[in-house]
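The file upload.csv comes next; it holds CSV, C-alpha atoms.
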chain,number,residue,atom,x,y,z
A,1,MET,CA,-28.1,-2.8,21.9
A,2,SER,CA,-26.4,-0.6,24.4
A,3,ALA,CA,-22.8,0.5,24.4
A,4,ILE,CA,-22.3,-1.3,27.7
A,5,ALA,CA,-23.4,-4.6,26.1
A,6,ALA,CA,-20.9,-4.0,23.2
A,7,ILE,CA,-18.1,-3.5,25.6
A,8,GLN,CA,-19.1,-6.6,27.5
A,9,ASN,CA,-18.7,-8.7,24.4
A,10,GLU,CA,-15.6,-10.7,25.3
A,11,THR,CA,-14.0,-10.9,21.8
A,12,PHE,CA,-14.5,-7.2,21.2
A,13,GLN,CA,-13.2,-6.4,24.7
A,14,ASN,CA,-10.1,-8.4,23.9
A,15,LEU,CA,-9.7,-6.6,20.6
A,16,LEU,CA,-9.9,-3.2,22.3
A,17,GLY,CA,-7.3,-4.5,24.8
A,18,GLU,CA,-4.9,-5.5,22.0
A,19,LEU,CA,-5.4,-2.1,20.4
A,20,ASN,CA,-4.9,-0.3,23.7
A,21,ILE,CA,-8.1,1.9,23.3
A,22,PRO,CA,-9.9,1.2,26.6
A,23,GLY,CA,-12.0,4.4,26.5
A,24,TYR,CA,-13.5,3.6,23.1
A,25,GLU,CA,-17.2,4.4,22.7
A,26,PRO,CA,-18.8,1.8,20.4
A,27,SER,CA,-19.8,3.0,16.9
A,28,ALA,CA,-23.1,2.1,15.3
A,29,ASN,CA,-21.3,-0.5,13.2
A,30,VAL,CA,-19.9,-2.2,16.4
A,31,LEU,CA,-23.3,-2.1,18.0
A,32,ALA,CA,-24.8,-3.7,14.9
A,33,LEU,CA,-22.2,-6.5,14.9
A,34,VAL,CA,-22.7,-7.2,18.6
A,35,ALA,CA,-26.5,-7.1,18.5
A,36,GLY,CA,-26.4,-9.6,15.6
A,37,GLU,CA,-23.8,-11.8,17.4
A,38,SER,CA,-21.8,-11.6,14.2
A,39,ARG,CA,-18.9,-14.0,13.8
A,40,PHE,CA,-17.1,-11.2,12.0
A,41,ILE,CA,-16.0,-9.8,15.3
A,42,LYS,CA,-13.8,-12.9,15.9
A,43,ASP,CA,-12.5,-12.7,12.3
A,44,LEU,CA,-11.6,-9.1,12.7
A,45,LYS,CA,-9.8,-9.7,16.0
A,46,ILE,CA,-7.8,-12.6,14.4
A,47,ASN,CA,-7.0,-10.6,11.2
A,48,VAL,CA,-5.8,-7.5,13.2
A,49,GLY,CA,-3.8,-9.6,15.6
A,50,ASN,CA,-2.1,-11.5,12.7
A,51,VAL,CA,-1.0,-8.4,10.8
A,52,LEU,CA,0.2,-6.6,13.9
A,53,ASN,CA,1.9,-9.4,15.7
A,54,ASN,CA,2.5,-12.4,13.4
A,55,THR,CA,4.1,-10.9,10.3
A,56,GLN,CA,6.7,-12.8,8.5
A,57,TYR,CA,8.3,-10.0,6.4
A,58,LEU,CA,7.7,-7.0,8.5
A,59,SER,CA,9.2,-6.2,11.9
A,60,ARG,CA,6.9,-5.2,14.8
A,61,LYS,CA,8.0,-1.6,14.4
A,62,GLU,CA,7.3,-1.6,10.7
A,63,ALA,CA,3.9,-3.2,11.1
A,64,VAL,CA,2.7,-0.6,13.6
A,65,LEU,CA,4.1,2.2,11.6
A,66,LEU,CA,2.2,1.0,8.6
A,67,ALA,CA,-0.9,0.8,10.7
A,68,LEU,CA,-0.3,4.3,12.0
A,69,ALA,CA,-0.1,5.5,8.4
A,70,VAL,CA,-3.5,4.0,7.7
A,71,ALA,CA,-5.0,5.6,10.8
A,72,VAL,CA,-3.5,9.0,9.7
A,73,ASN,CA,-4.9,8.5,6.2
A,74,GLU,CA,-8.3,7.7,7.5
A,75,LYS,CA,-8.2,10.5,10.1
A,76,PHE,CA,-9.0,8.2,12.9
A,77,GLY,CA,-7.4,9.9,15.9
A,78,LEU,CA,-8.0,7.2,18.5
A,79,LEU,CA,-6.1,4.6,16.6
A,80,GLN,CA,-3.5,7.1,15.5
A,81,GLU,CA,-2.7,7.7,19.2
A,82,SER,CA,-2.7,4.0,19.9
A,83,PHE,CA,-0.4,3.1,17.0
A,84,THR,CA,1.9,6.0,17.8
A,85,GLY,CA,2.4,4.5,21.3
A,86,MET,CA,2.9,1.0,20.0
A,87,ALA,CA,5.4,2.3,17.4
A,88,LYS,CA,7.4,4.1,20.1
A,89,ASP,CA,7.3,1.0,22.3
A,90,ALA,CA,8.7,-0.9,19.4
A,91,GLY,CA,11.6,1.5,19.0
A,92,ALA,CA,10.3,4.2,16.6
A,93,SER,CA,11.7,7.7,17.1
A,94,ASP,CA,9.7,10.9,17.0
A,95,ALA,CA,11.3,11.6,13.6
A,96,GLU,CA,10.1,8.3,12.2
A,97,VAL,CA,6.6,8.9,13.5
A,98,ALA,CA,6.6,12.4,12.0
A,99,GLU,CA,7.8,11.0,8.7
A,100,ILE,CA,4.9,8.6,8.6
A,101,VAL,CA,2.5,11.5,9.0
A,102,ALA,CA,4.4,13.5,6.3
A,103,CYS,CA,4.5,10.6,3.9
A,104,THR,CA,0.8,10.0,4.3
A,105,SER,CA,0.1,13.6,3.6
A,106,LEU,CA,2.3,13.6,0.6
A,107,MET,CA,0.7,10.5,-0.8
A,108,ASN,CA,-2.8,12.1,-0.4
A,109,THR,CA,-1.5,15.0,-2.5
A,110,ASN,CA,0.1,12.8,-5.1
A,111,ASN,CA,-2.7,10.3,-5.3
A,112,ILE,CA,-5.2,13.0,-6.2
A,113,TYR,CA,-2.9,14.7,-8.7
A,114,TYR,CA,-1.7,11.6,-10.5
A,115,ARG,CA,-5.1,10.0,-10.4
A,116,PHE,CA,-6.4,13.0,-12.2
A,117,ARG,CA,-3.7,12.8,-14.9
A,118,HIS,CA,-4.3,9.1,-15.3
A,119,PHE,CA,-8.1,9.5,-15.6
A,120,ILE,CA,-8.0,12.3,-18.1
A,121,LYS,CA,-5.1,11.0,-20.3
A,122,LYS,CA,-4.4,14.3,-22.0
A,123,GLU,CA,-1.0,15.1,-23.4
A,124,PHE,CA,-1.1,18.7,-22.0
A,125,TYR,CA,-1.6,17.5,-18.4
A,126,GLU,CA,0.9,14.6,-18.7
A,127,ASN,CA,3.6,16.9,-20.1
A,128,GLN,CA,3.4,19.5,-17.3
A,129,PRO,CA,5.8,19.3,-14.4
A,130,ALA,CA,4.0,18.4,-11.1
A,131,GLY,CA,5.6,21.2,-9.2
A,132,ILE,CA,5.0,19.4,-5.9
A,133,LYS,CA,7.8,19.7,-3.4
A,134,MET,CA,8.8,16.2,-2.3
A,135,SER,CA,12.2,16.6,-0.6
A,136,ILE,CA,11.4,14.1,2.1
A,137,MET,CA,11.5,11.3,-0.5
A,138,ALA,CA,15.1,12.0,-1.3
A,139,ASN,CA,16.7,10.8,2.0
A,140,PRO,CA,13.9,9.6,4.3
A,141,VAL,CA,14.5,8.9,8.0
A,142,LEU,CA,12.6,5.6,7.6
A,143,GLY,CA,15.0,4.4,4.8
A,144,LYS,CA,14.1,4.5,1.1
A,145,GLU,CA,12.7,1.0,0.9
A,146,PHE,CA,10.3,1.4,3.8
A,147,PHE,CA,9.3,4.9,2.8
A,148,GLU,CA,8.3,3.5,-0.6
A,149,LEU,CA,6.4,0.7,1.0
A,150,VAL,CA,4.4,3.1,3.1
A,151,SER,CA,3.8,5.1,0.0
A,152,LEU,CA,2.6,2.0,-1.8
A,153,VAL,CA,0.2,1.0,1.0
A,154,ILE,CA,-1.4,4.4,1.2
A,155,SER,CA,-1.6,4.7,-2.6
A,156,SER,CA,-3.4,1.3,-2.6
A,157,ILE,CA,-5.9,2.5,-0.1
A,158,ASN,CA,-6.5,5.7,-2.0
A,159,GLY,CA,-6.9,3.9,-5.3
A,160,CYS,CA,-4.2,5.7,-7.5
A,161,GLU,CA,-3.2,3.2,-10.1
A,162,MET,CA,-0.2,5.2,-11.3
A,163,CYS,CA,1.2,5.7,-7.8
A,164,VAL,CA,0.6,2.0,-6.9
A,165,SER,CA,2.5,0.8,-10.0
A,166,SER,CA,5.3,3.3,-9.5
A,167,HIS,CA,5.8,2.6,-5.8
A,168,GLU,CA,5.6,-1.1,-6.2
A,169,LYS,CA,8.4,-1.0,-8.7
A,170,SER,CA,10.5,1.4,-6.5
A,171,VAL,CA,10.1,-0.8,-3.4
A,172,LEU,CA,11.4,-3.8,-5.3
A,173,GLN,CA,14.3,-1.8,-6.8
A,174,HIS,CA,15.3,-0.8,-3.3
A,175,GLY,CA,15.8,-4.5,-2.3
A,176,SER,CA,12.3,-5.5,-1.1
A,177,THR,CA,10.4,-8.6,-2.1
A,178,GLU,CA,7.0,-9.3,-3.5
A,179,SER,CA,6.2,-11.2,-0.3
A,180,ARG,CA,7.0,-8.1,1.8
A,181,VAL,CA,4.9,-5.9,-0.5
A,182,LEU,CA,1.9,-8.2,-0.3
A,183,GLU,CA,2.2,-8.4,3.5
A,184,GLY,CA,2.3,-4.6,3.7
A,185,VAL,CA,-0.7,-4.1,1.5
A,186,LYS,CA,-2.7,-6.8,3.4
A,187,LEU,CA,-1.9,-5.0,6.6
A,188,GLY,CA,-3.2,-1.8,5.1
A,189,ALA,CA,-6.3,-3.4,3.9
A,190,ILE,CA,-7.1,-5.0,7.3
A,191,ILE,CA,-6.5,-1.8,9.3
A,192,LYS,CA,-8.7,0.1,6.8
A,193,GLY,CA,-11.4,-2.6,7.4
A,194,LEU,CA,-10.9,-2.2,11.2
A,195,ILE,CA,-11.4,1.5,11.0
A,196,THR,CA,-14.6,1.0,8.9
A,197,ILE,CA,-16.0,-0.9,11.9
A,198,LEU,CA,-14.7,1.3,14.7
A,199,ALA,CA,-15.3,4.7,13.2

This structure in structure tokens:
Amino acid sequence: MSAIAAIQNETFQNLLGELNIPGYEPSANVLALVAGESRFIKDLKINVGNVLNNTQYLSRKEAVLLALAVAVNEKFGLLQESFTGMAKDAGASDAEVAEIVACTSLMNTNNIYYRFRHFIKKEFYENQPAGIKMSIMANPVLGKEFFELVSLVISSINGCEMCVSSHEKSVLQHGSTESRVLEGVKLGAIIKGLITILA
């Protein structure tokens, strides 16, 4: 199956159009799906469209900023560029975009550190101060509730149980709802699945 044939797949072409990545070179995963005429391409397009455009508890700007965080986390530059443009079109400032990048980096740091402590469960490690500078968490440009939601989504993707539990509790304490949390985590999961196919 050639890259040209993949691009000619109408559903996949429409997905690329919605993601604003016209110069995309199909991955081996995309080529496999197109060659097998997989129905999953349609599912993927519907799922991605729903979490980016039809959210009930997230604004458009919040949805694309969360998607941006996932793209940063997964180091997928093509979507990072696309979601940055979408976020700015939805009203995000340079400072908000920068904070998404910073928050994602911080969560990667914390997820590794706290996952280690949780796995080992030794009193020595648990009683030591982390010593990790986290001043951006004190007064985030994004607002405390949304910063915590981004932290929760990234921690969910990275599989840190302690961080997930802590940030879920913090999001709710800052006025969020379980419905908003669930919608945010589902968005993260779907964008992560999208990247698995595109990368």

*Considering all atoms listed in the file, return as a PyMOL selection string whatever protein or nucleic-acid residues lie within 7 Å of Cys160 (chain A), sequence-local ones (same chain, fewer than 4 positions apart) excluded.*
chain A and resi 111+115+155-156+164

*Using only C-alpha atoms, collect all residues at a distance of at most 12 Å from (4.6, 0.0, 22.4) as written in the file, then present them as an MDAnalysis selection string.*
chainID A and resid 18:20 52:53 60:61 63:65 81:93

With C-alpha atoms retained, export the selected residues as a PDB file, in the frame of the given file.
ATOM      1  CA  GLU A  18      -4.900  -5.500  22.000  1.00  0.00           C
ATOM      2  CA  LEU A  19      -5.400  -2.100  20.400  1.00  0.00           C
ATOM      3  CA  ASN A  20      -4.900  -0.300  23.700  1.00  0.00           C
ATOM      4  CA  LEU A  52       0.200  -6.600  13.900  1.00  0.00           C
ATOM      5  CA  ASN A  53       1.900  -9.400  15.700  1.00  0.00           C
ATOM      6  CA  ARG A  60       6.900  -5.200  14.800  1.00  0.00           C
ATOM      7  CA  LYS A  61       8.000  -1.600  14.400  1.00  0.00           C
ATOM      8  CA  ALA A  63       3.900  -3.200  11.100  1.00  0.00           C
ATOM      9  CA  VAL A  64       2.700  -0.600  13.600  1.00  0.00           C
ATOM     10  CA  LEU A  65       4.100   2.200  11.600  1.00  0.00           C
ATOM     11  CA  GLU A  81      -2.700   7.700  19.200  1.00  0.00           C
ATOM     12  CA  SER A  82      -2.700   4.000  19.900  1.00  0.00           C
ATOM     13  CA  PHE A  83      -0.400   3.100  17.000  1.00  0.00           C
ATOM     14  CA  THR A  84       1.900   6.000  17.800  1.00  0.00           C
ATOM     15  CA  GLY A  85       2.400   4.500  21.300  1.00  0.00           C
ATOM     16  CA  MET A  86       2.900   1.000  20.000  1.00  0.00           C
ATOM     17  CA  ALA A  87       5.400   2.300  17.400  1.00  0.00           C
ATOM     18  CA  LYS A  88       7.400   4.100  20.100  1.00  0.00           C
ATOM     19  CA  ASP A  89       7.300   1.000  22.300  1.00  0.00           C
ATOM     20  CA  ALA A  90       8.700  -0.900  19.400  1.00  0.00           C
ATOM     21  CA  GLY A  91      11.600   1.500  19.000  1.00  0.00           C
ATOM     22  CA  ALA A  92      10.300   4.200  16.600  1.00  0.00           C
ATOM     23  CA  SER A  93      11.700   7.700  17.100  1.00  0.00           C
TER      24      SER A  93
END

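With all atoms listed in the file as the atoms that count, the residue of A:Ala95, A:Arg39, A:Val70, A:Leu31 with the shortest distance to Ile190 (chain A) is A:Val70.
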
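Minimum atom-to-atom distances from A:Phe124, A:Ala35, A:Val30, A:Ile46 to Asn14 (chain A) were compared using only C-alpha atoms, and the lowest value belongs to A:Ile46.
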
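Here CA of Leu58 (chain A) is placed at a distance of 6.8 Å from CA of Arg180 (chain A).
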
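Separating CA of Leu79 (chain A) from CA of Glu10 (chain A) is a distance of 20.0 Å.
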
*So which residues touch Thr104 (chain A) within 8 Å, counting all atoms listed in the file, skipping near sequence neighbours fewer than 3 positions away, as a ChimeraX atom specification?*
/A:69,72-73,100-101,107-108,150-151,154

Counting all atoms listed in the file, what is within 9 Å of region 167-177 of chain A, bar same-chain residues fewer than 4 positions away, as a compact mmCIF listing (two decimals) with C-alpha atoms, keeping the file's coordinate frame?
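Result written to part38.txt:
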# COMPACT_ATOMS: atom_id res chain seq x y z
CA TYR A 57 8.30 -10.00 6.40
CA LYS A 144 14.10 4.50 1.10
CA GLU A 145 12.70 1.00 0.90
CA PHE A 146 10.30 1.40 3.80
CA PHE A 147 9.30 4.90 2.80
CA GLU A 148 8.30 3.50 -0.60
CA LEU A 149 6.40 0.70 1.00
CA SER A 151 3.80 5.10 0.00
CA LEU A 152 2.60 2.00 -1.80
CA VAL A 153 0.20 1.00 1.00
CA SER A 155 -1.60 4.70 -2.60
CA MET A 162 -0.20 5.20 -11.30
CA CYS A 163 1.20 5.70 -7.80
CA VAL A 181 4.90 -5.90 -0.50
CA LEU A 182 1.90 -8.20 -0.30

*asked:* Give me, as a list of chain:residue names, all polymer residues having an atom no more than 12 Å from Gly193 (chain A), counting all atoms listed in the file and skipping those fewer than 2 positions away in the same chain.
replied: A:Asn29, A:Phe40, A:Ile41, A:Asp43, A:Leu44, A:Lys45, A:Asn47, A:Val48, A:Ala67, A:Val70, A:Ala71, A:Glu74, A:Ile157, A:Lys186, A:Leu187, A:Gly188, A:Ala189, A:Ile190, A:Ile191, A:Ile195, A:Thr196, A:Ile197, A:Leu198, A:Ala199
